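Have a look at the structure below before the remarks.
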Amino acid sequence: MSTDVAELEAKIRSLSLEDKTELIRSLIAGLDGPADADVERAWLLEAQRRHREIVEGKVEPVPAQRVFQNLRARLKK
């Protein structure tokens with residue numbers, strides 16, 4: 001480990017939990033690259049489509065409790 005990295009690590013360890021959390025979020029966001037400008041719109045359109053399918057009776061919503069029960073059962077296999 002270089003001296004610069006060791007010094008940075010020491011400084012980071014002295015930060016408050018809140019500051020460490022903010023730093024980690026910022027660093028991860030930097031790794032992810034710039035946000036896709038169309039993502040928000042795409043999710044809005046998807047939510048509207050799903051809502052419309054429920055209202056029109058094309059799909060039946062599943063209660064969250066049942067979804068989590070099914071997931072737990074599948075993970076135990």
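Going by the structure tokens order, chains are called A, B, ..., each with residues numbered from 1, while ligands are numbered from 1 in the order shown.
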### Nearby residues (only C-alpha atoms) at most 12 Å from segment 20-27 of chain A, same-chain spacing under 6 positions excluded, as a PyMOL selection string
chain A and resi 9+11-14+33
### Task
State, in Å with one decimal place, the distance from atom CA of Ala64 of chain A to atom CA of Arg50 of chain A.
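Rounded to one decimal, the two atoms are 15.8 Å apart.
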### Query
Could you pull out all residues of chain A with a DSSP call of helix (DSSP H, G or I) and give them as a ChimeraX atom specification?
/A:3-13,17-32,39-55,64-76
